[in-house]
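S.K.: For reference, the file data21.txt (compact mmCIF, N, CA and C atoms) is included below:
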# COMPACT_ATOMS: atom_id res chain seq x y z
N MET A 2 2.48 -5.52 11.45
CA MET A 2 1.40 -5.16 12.34
C MET A 2 0.88 -3.80 11.92
N THR A 3 -0.40 -3.72 11.65
CA THR A 3 -1.05 -2.48 11.27
C THR A 3 -1.76 -1.90 12.48
N LEU A 4 -1.47 -0.66 12.80
CA LEU A 4 -2.06 -0.01 13.97
C LEU A 4 -3.03 1.06 13.50
N THR A 5 -4.30 0.95 13.91
CA THR A 5 -5.32 1.93 13.60
C THR A 5 -5.73 2.60 14.91
N VAL A 6 -5.74 3.93 14.92
CA VAL A 6 -6.04 4.68 16.14
C VAL A 6 -7.29 5.51 15.92
N ARG A 7 -8.20 5.48 16.89
CA ARG A 7 -9.42 6.27 16.81
C ARG A 7 -9.63 7.02 18.11
N GLY A 8 -10.30 8.14 18.02
CA GLY A 8 -10.61 8.94 19.21
C GLY A 8 -9.87 10.26 19.18
N SER A 9 -10.55 11.30 19.57
CA SER A 9 -9.95 12.64 19.52
C SER A 9 -8.80 12.77 20.51
N GLU A 10 -8.81 12.01 21.59
CA GLU A 10 -7.75 12.09 22.58
C GLU A 10 -6.41 11.63 22.01
N LEU A 11 -6.43 10.69 21.08
CA LEU A 11 -5.19 10.15 20.52
C LEU A 11 -4.66 10.97 19.35
N ARG A 12 -5.29 12.06 19.04
CA ARG A 12 -4.79 12.91 17.96
C ARG A 12 -3.52 13.63 18.39
N ARG A 13 -3.32 13.77 19.68
CA ARG A 13 -2.11 14.42 20.16
C ARG A 13 -0.92 13.51 19.85
N ASP A 14 0.12 14.10 19.32
CA ASP A 14 1.27 13.32 18.86
C ASP A 14 1.93 12.50 19.95
N GLU A 15 2.07 13.05 21.14
CA GLU A 15 2.76 12.31 22.20
C GLU A 15 1.97 11.09 22.64
N LEU A 16 0.64 11.17 22.65
CA LEU A 16 -0.17 10.00 23.02
C LEU A 16 -0.14 8.95 21.92
N LEU A 17 -0.16 9.38 20.69
CA LEU A 17 -0.08 8.45 19.57
C LEU A 17 1.26 7.72 19.59
N GLU A 18 2.32 8.45 19.83
CA GLU A 18 3.64 7.84 19.92
C GLU A 18 3.73 6.88 21.11
N PHE A 19 3.16 7.27 22.25
CA PHE A 19 3.17 6.41 23.43
C PHE A 19 2.42 5.10 23.15
N ALA A 20 1.24 5.20 22.54
CA ALA A 20 0.45 4.00 22.23
C ALA A 20 1.19 3.09 21.26
N THR A 21 1.82 3.68 20.26
CA THR A 21 2.57 2.89 19.28
C THR A 21 3.75 2.17 19.92
N ARG A 22 4.51 2.89 20.75
CA ARG A 22 5.66 2.27 21.42
C ARG A 22 5.22 1.17 22.37
N ARG A 23 4.19 1.44 23.15
CA ARG A 23 3.73 0.46 24.15
C ARG A 23 3.22 -0.81 23.48
N LEU A 24 2.41 -0.65 22.45
CA LEU A 24 1.88 -1.82 21.75
C LEU A 24 2.97 -2.57 20.99
N GLY A 25 3.93 -1.82 20.44
CA GLY A 25 5.06 -2.47 19.78
C GLY A 25 5.87 -3.30 20.74
N PHE A 26 6.06 -2.80 21.96
CA PHE A 26 6.80 -3.52 22.98
C PHE A 26 6.04 -4.78 23.42
N VAL A 27 4.75 -4.63 23.67
CA VAL A 27 3.96 -5.74 24.20
C VAL A 27 3.67 -6.80 23.14
N LEU A 28 3.36 -6.37 21.92
CA LEU A 28 2.95 -7.31 20.88
C LEU A 28 4.06 -7.67 19.89
N GLY A 29 5.22 -7.04 20.01
CA GLY A 29 6.31 -7.27 19.08
C GLY A 29 6.80 -8.70 19.05
N ARG A 30 6.70 -9.40 20.15
CA ARG A 30 7.20 -10.78 20.21
C ARG A 30 6.37 -11.74 19.36
N PHE A 31 5.16 -11.31 18.97
CA PHE A 31 4.30 -12.19 18.17
C PHE A 31 4.59 -12.07 16.68
N GLY A 32 5.35 -11.07 16.29
CA GLY A 32 5.75 -10.90 14.89
C GLY A 32 4.59 -10.83 13.93
N SER A 33 4.63 -11.68 12.92
CA SER A 33 3.61 -11.65 11.87
C SER A 33 2.29 -12.29 12.29
N ARG A 34 2.24 -12.88 13.47
CA ARG A 34 0.97 -13.45 13.93
C ARG A 34 -0.04 -12.39 14.29
N VAL A 35 0.41 -11.15 14.54
CA VAL A 35 -0.49 -10.02 14.76
C VAL A 35 -0.72 -9.37 13.40
N THR A 36 -1.95 -9.45 12.92
CA THR A 36 -2.24 -8.88 11.61
C THR A 36 -2.76 -7.46 11.69
N GLY A 37 -3.27 -7.05 12.84
CA GLY A 37 -3.76 -5.68 12.97
C GLY A 37 -4.11 -5.34 14.41
N VAL A 38 -4.01 -4.07 14.73
CA VAL A 38 -4.35 -3.59 16.07
C VAL A 38 -5.18 -2.32 15.90
N ARG A 39 -6.29 -2.25 16.61
CA ARG A 39 -7.14 -1.07 16.58
C ARG A 39 -7.27 -0.53 18.00
N VAL A 40 -6.95 0.74 18.18
CA VAL A 40 -7.00 1.38 19.50
C VAL A 40 -8.03 2.49 19.46
N SER A 41 -8.89 2.51 20.47
CA SER A 41 -9.88 3.56 20.59
C SER A 41 -9.84 4.07 22.02
N ILE A 42 -9.83 5.38 22.18
CA ILE A 42 -9.83 5.95 23.52
C ILE A 42 -10.91 7.01 23.60
N SER A 43 -11.60 7.04 24.74
CA SER A 43 -12.69 8.00 24.91
C SER A 43 -12.72 8.51 26.33
N ASP A 44 -13.37 9.65 26.50
CA ASP A 44 -13.55 10.28 27.81
C ASP A 44 -15.02 10.13 28.16
N GLU A 45 -15.32 9.24 29.09
CA GLU A 45 -16.69 8.89 29.40
C GLU A 45 -17.48 10.01 30.09
N ASN A 46 -16.87 10.71 31.03
CA ASN A 46 -17.59 11.72 31.81
C ASN A 46 -17.36 13.15 31.34
N GLY A 47 -16.60 13.32 30.30
CA GLY A 47 -16.32 14.67 29.82
C GLY A 47 -15.46 15.45 30.80
N PRO A 48 -15.73 16.72 30.99
CA PRO A 48 -14.88 17.55 31.84
C PRO A 48 -15.07 17.33 33.34
N ARG A 49 -15.96 16.44 33.76
CA ARG A 49 -16.20 16.23 35.19
C ARG A 49 -15.05 15.53 35.90
N GLY A 50 -14.19 14.85 35.16
CA GLY A 50 -13.03 14.19 35.76
C GLY A 50 -13.36 12.82 36.30
N GLY A 51 -12.42 12.26 37.06
CA GLY A 51 -12.59 10.93 37.62
C GLY A 51 -11.94 9.86 36.76
N VAL A 52 -12.20 8.62 37.13
CA VAL A 52 -11.64 7.47 36.40
C VAL A 52 -12.55 7.24 35.20
N ASP A 53 -12.30 7.99 34.15
CA ASP A 53 -13.22 7.95 33.03
C ASP A 53 -12.56 7.90 31.66
N LYS A 54 -11.27 7.77 31.59
CA LYS A 54 -10.60 7.62 30.30
C LYS A 54 -10.62 6.13 29.96
N LYS A 55 -11.34 5.78 28.93
CA LYS A 55 -11.51 4.38 28.56
C LYS A 55 -10.69 4.07 27.31
N CYS A 56 -9.92 2.99 27.37
CA CYS A 56 -9.11 2.55 26.24
C CYS A 56 -9.60 1.16 25.82
N ARG A 57 -9.86 1.01 24.53
CA ARG A 57 -10.30 -0.27 23.97
C ARG A 57 -9.28 -0.67 22.92
N ILE A 58 -8.71 -1.86 23.07
CA ILE A 58 -7.71 -2.37 22.13
C ILE A 58 -8.22 -3.68 21.54
N GLU A 59 -8.21 -3.75 20.22
CA GLU A 59 -8.59 -4.96 19.51
C GLU A 59 -7.37 -5.46 18.75
N VAL A 60 -6.97 -6.69 19.04
CA VAL A 60 -5.81 -7.30 18.38
C VAL A 60 -6.32 -8.43 17.49
N ARG A 61 -5.95 -8.38 16.23
CA ARG A 61 -6.35 -9.41 15.27
C ARG A 61 -5.16 -10.31 14.96
N GLY A 62 -5.47 -11.59 14.85
CA GLY A 62 -4.43 -12.57 14.56
C GLY A 62 -4.83 -13.46 13.40
N PRO A 63 -4.14 -14.59 13.27
CA PRO A 63 -4.41 -15.50 12.15
C PRO A 63 -5.77 -16.18 12.27
N SER A 64 -6.36 -16.51 11.16
CA SER A 64 -7.61 -17.28 11.10
C SER A 64 -8.73 -16.67 11.94
N LYS A 65 -8.94 -15.41 11.77
CA LYS A 65 -10.03 -14.67 12.43
C LYS A 65 -9.92 -14.65 13.96
N LEU A 66 -8.76 -14.85 14.49
CA LEU A 66 -8.54 -14.74 15.93
C LEU A 66 -8.58 -13.26 16.30
N ALA A 67 -9.41 -12.91 17.28
CA ALA A 67 -9.52 -11.52 17.71
C ALA A 67 -9.62 -11.46 19.23
N VAL A 68 -8.89 -10.52 19.82
CA VAL A 68 -8.91 -10.30 21.26
C VAL A 68 -9.28 -8.84 21.47
N VAL A 69 -10.28 -8.59 22.33
CA VAL A 69 -10.70 -7.22 22.62
C VAL A 69 -10.56 -6.98 24.11
N ILE A 70 -9.87 -5.91 24.46
CA ILE A 70 -9.62 -5.55 25.86
C ILE A 70 -10.08 -4.12 26.08
N GLU A 71 -10.76 -3.87 27.20
CA GLU A 71 -11.13 -2.52 27.59
C GLU A 71 -10.60 -2.26 28.99
N ASP A 72 -10.13 -1.06 29.23
CA ASP A 72 -9.64 -0.68 30.54
C ASP A 72 -9.91 0.81 30.75
N ALA A 73 -10.08 1.20 31.99
CA ALA A 73 -10.33 2.60 32.33
C ALA A 73 -9.35 3.05 33.39
N ALA A 74 -8.98 4.33 33.32
CA ALA A 74 -8.05 4.90 34.30
C ALA A 74 -8.29 6.41 34.36
N ALA A 75 -7.58 7.06 35.27
CA ALA A 75 -7.74 8.50 35.46
C ALA A 75 -7.10 9.29 34.33
N ASP A 76 -6.04 8.76 33.70
CA ASP A 76 -5.45 9.48 32.57
C ASP A 76 -5.22 8.51 31.41
N GLU A 77 -5.00 9.09 30.23
CA GLU A 77 -4.92 8.31 29.01
C GLU A 77 -3.75 7.34 28.99
N ARG A 78 -2.60 7.79 29.44
CA ARG A 78 -1.41 6.93 29.42
C ARG A 78 -1.59 5.68 30.27
N ALA A 79 -2.16 5.84 31.45
CA ALA A 79 -2.38 4.68 32.31
C ALA A 79 -3.38 3.71 31.69
N ALA A 80 -4.43 4.23 31.08
CA ALA A 80 -5.42 3.38 30.43
C ALA A 80 -4.80 2.61 29.27
N ILE A 81 -3.97 3.29 28.46
CA ILE A 81 -3.32 2.63 27.33
C ILE A 81 -2.35 1.57 27.82
N ALA A 82 -1.54 1.89 28.82
CA ALA A 82 -0.53 0.95 29.32
C ALA A 82 -1.19 -0.30 29.90
N ARG A 83 -2.21 -0.11 30.73
CA ARG A 83 -2.88 -1.26 31.34
C ARG A 83 -3.57 -2.12 30.30
N ALA A 84 -4.27 -1.48 29.36
CA ALA A 84 -4.98 -2.24 28.32
C ALA A 84 -3.98 -2.98 27.41
N ALA A 85 -2.86 -2.34 27.09
CA ALA A 85 -1.85 -2.98 26.24
C ALA A 85 -1.25 -4.20 26.93
N ASP A 86 -0.93 -4.09 28.21
CA ASP A 86 -0.39 -5.23 28.95
C ASP A 86 -1.37 -6.39 28.97
N ARG A 87 -2.63 -6.09 29.25
CA ARG A 87 -3.66 -7.13 29.28
C ARG A 87 -3.86 -7.73 27.89
N ALA A 88 -3.80 -6.91 26.84
CA ALA A 88 -3.97 -7.41 25.48
C ALA A 88 -2.86 -8.39 25.11
N GLY A 89 -1.63 -8.08 25.52
CA GLY A 89 -0.51 -8.98 25.23
C GLY A 89 -0.68 -10.33 25.91
N ARG A 90 -1.06 -10.32 27.19
CA ARG A 90 -1.26 -11.58 27.91
C ARG A 90 -2.43 -12.38 27.34
N THR A 91 -3.52 -11.69 27.03
CA THR A 91 -4.70 -12.36 26.51
C THR A 91 -4.46 -12.94 25.12
N PHE A 92 -3.74 -12.20 24.28
CA PHE A 92 -3.42 -12.70 22.94
C PHE A 92 -2.52 -13.93 23.01
N ALA A 93 -1.57 -13.93 23.94
CA ALA A 93 -0.69 -15.09 24.11
C ALA A 93 -1.50 -16.32 24.53
N ARG A 94 -2.44 -16.14 25.46
CA ARG A 94 -3.29 -17.25 25.89
C ARG A 94 -4.15 -17.77 24.74
N ALA A 95 -4.70 -16.85 23.94
CA ALA A 95 -5.55 -17.25 22.82
C ALA A 95 -4.75 -18.05 21.80
N LEU A 96 -3.52 -17.63 21.52
CA LEU A 96 -2.68 -18.39 20.59
C LEU A 96 -2.35 -19.77 21.16
N GLU A 97 -2.09 -19.83 22.45
CA GLU A 97 -1.77 -21.11 23.10
C GLU A 97 -2.97 -22.07 23.03
N ARG A 98 -4.15 -21.56 23.31
CA ARG A 98 -5.36 -22.39 23.24
C ARG A 98 -5.57 -22.92 21.83
N ARG A 99 -5.35 -22.06 20.86
CA ARG A 99 -5.52 -22.48 19.46
C ARG A 99 -4.51 -23.55 19.10
N ARG A 100 -3.29 -23.42 19.58
CA ARG A 100 -2.25 -24.42 19.29
C ARG A 100 -2.59 -25.75 19.97
N GLU A 101 -3.14 -25.72 21.18
CA GLU A 101 -3.49 -26.95 21.90
C GLU A 101 -4.64 -27.70 21.23
N ARG A 102 -5.55 -26.99 20.61
CA ARG A 102 -6.69 -27.62 19.94
C ARG A 102 -6.24 -28.42 18.73
N ARG A 103 -5.17 -27.99 18.09
CA ARG A 103 -4.71 -28.66 16.88
C ARG A 103 -3.90 -29.82 17.25
Just dump the structure as structure tokens.
M.R.:
Amino acid sequence: MTLTVRGSELRRDELLEFATRRLGFVLGRFGSRVTGVRVSISDENGPRGGVDKKCRIEVRGPSKLAVVIEDAAADERAAIARAADRAGRTFARALERRRERR
């Protein structure tokens, strides 16, 4: 699994480590079926505060399978955790649908 991280907020080592651990935990059960993960985090409102930390996670799988999840929260860790959990569930459903079609 290749993890690509974008956004100035994720340059901090502890957030990068948190995102890596969380995604490894959530997506680790898929093994080699996950070919890549791209994480992007942004601050929508700048210094004004509020629920404005947006996390976007794109999970790539076999045969051009791609799942994109976006979530927002008051802080970066919550946004990453919620988006990662949703990405794991959505990727599992997408793999199941693909298996049922065959």
S.K.: Give me, please, the distance in Å between atom N of Ile81 of chain A and atom CA of Thr3 of chain A, quoted to one decimal.
M.R.: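 Going from atom N of Ile81 of chain A over to atom CA of Thr3 of chain A covers 18.4 Å.
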S.K.: Among segment 3-35 of chain A, which residues does DSSP mark as strand (DSSP E) when it is run on the backbone? Keep the chain and numbering as in the structure and answer as a list in words.
M.R.: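 So, restricting segment 3-35 of chain A to strand (DSSP E), we get Leu4, Thr5, Val6 and Arg7 of chain A.
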S.K.: Centre and edge lengths, as AutoDock Vina command-line options, for the axis-aligned box enclosing every listed atom of segment 62-74 of chain A with 5 Å of padding on each of the six sides, in Å to one decimal?
M.R.:
--center_x -7.6 --center_y -5.4 --center_z 22.7 --size_x 17.0 --size_y 33.7 --size_z 33.3
S.K.: Nearest to Val6 of chain A among A:Phe26, A:Phe31, A:Ala73, A:Arg39, with distances taken over only N, CA and C atoms: which residue is it?
M.R.: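 Of A:Phe26, A:Phe31, A:Ala73, A:Arg39, the one nearest Val6 of chain A is A:Arg39, counting only N, CA and C atoms.
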S.K.: May I ask which of the residues A:Asp53, A:Asp86, A:Asp44, A:Glu77 is the closest one to Leu16 of chain A, counting only N, CA and C atoms?
M.R.: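 Comparing A:Asp53, A:Asp86, A:Asp44, A:Glu77 against Leu16 of chain A, the winner is A:Glu77.
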S.K.: Running DSSP on the backbone, which parts of chain A land in alpha helix (DSSP H), as a VMD selection string?
M.R.: chain A and resid 14 to 28 77 to 102
S.K.: Which residue out of A:Pro63, A:Arg102, A:Ala74, A:Ala85 has the minimum interatomic distance to Ser33 of chain A when only N, CA and C atoms are used?
M.R.: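 Closest to Ser33 of chain A of all the choices is A:Pro63.
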S.K.: Mind giving me the straight-line distance from atom N of Leu24 of chain A to atom N of Glu97 of chain A in Å, one decimal?
M.R.: 19.7 Å
S.K.: Could you work out how far atom CA of Arg87 of chain A lies from atom C of Val35 of chain A, giving the answer in Å with one decimal?
M.R.: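 The value is 16.3 Å.
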S.K.: Here is a test: counting all atoms listed in the file, which residue of A:Leu4, A:Ala75, A:Val27, A:Leu96 is nearest to Val52 of chain A?
M.R.: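 Comparing A:Leu4, A:Ala75, A:Val27, A:Leu96 against Val52 of chain A, the winner is A:Ala75.
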S.K.: Could you name the residues that touch Arg7 of chain A at 5 Å or less, counting all atoms listed in the file, but leaving out those on the same chain fewer than 3 positions away, as a list in words?
M.R.: Val40, Ser41 and Ile42 of chain A
S.K.: Would you save the residues of that selection, restricted to N, CA and C atoms, as a JSON list (two decimals), keeping the file's coordinate frame?
M.R.:
[["chain", "number", "residue", "atom", "x", "y", "z"],
["A", 40, "VAL", "N", -6.95, 0.74, 18.18],
["A", 40, "VAL", "CA", -7.00, 1.38, 19.50],
["A", 40, "VAL", "C", -8.03, 2.49, 19.46],
["A", 41, "SER", "N", -8.89, 2.51, 20.47],
["A", 41, "SER", "CA", -9.88, 3.56, 20.59],
["A", 41, "SER", "C", -9.84, 4.07, 22.02],
["A", 42, "ILE", "N", -9.83, 5.38, 22.18],
["A", 42, "ILE", "CA", -9.83, 5.95, 23.52],
["A", 42, "ILE", "C", -10.91, 7.01, 23.60]]
S.K.: Of the candidates A:Gly32, A:Ala95, A:Arg100, A:Gly37, which one gets nearest to Thr5 of chain A if we count all atoms listed in the file?
M.R.: A:Gly37
S.K.: Nearest residue to Met2 of chain A out of A:Arg34, A:Arg99, A:Val69, A:Cys56, using all atoms listed in the file?
M.R.: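 Closest residue, counting all atoms listed in the file: A:Arg34.
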S.K.: Around the point (-8.4, -5.4, 28.2) in the file's coordinates, collect all residues with an atom within 7 Å, using only N, CA and C atoms, and return them as a VMD selection string.
M.R.: chain A and resid 57 to 58 69 to 72 83 to 85 87 to 88
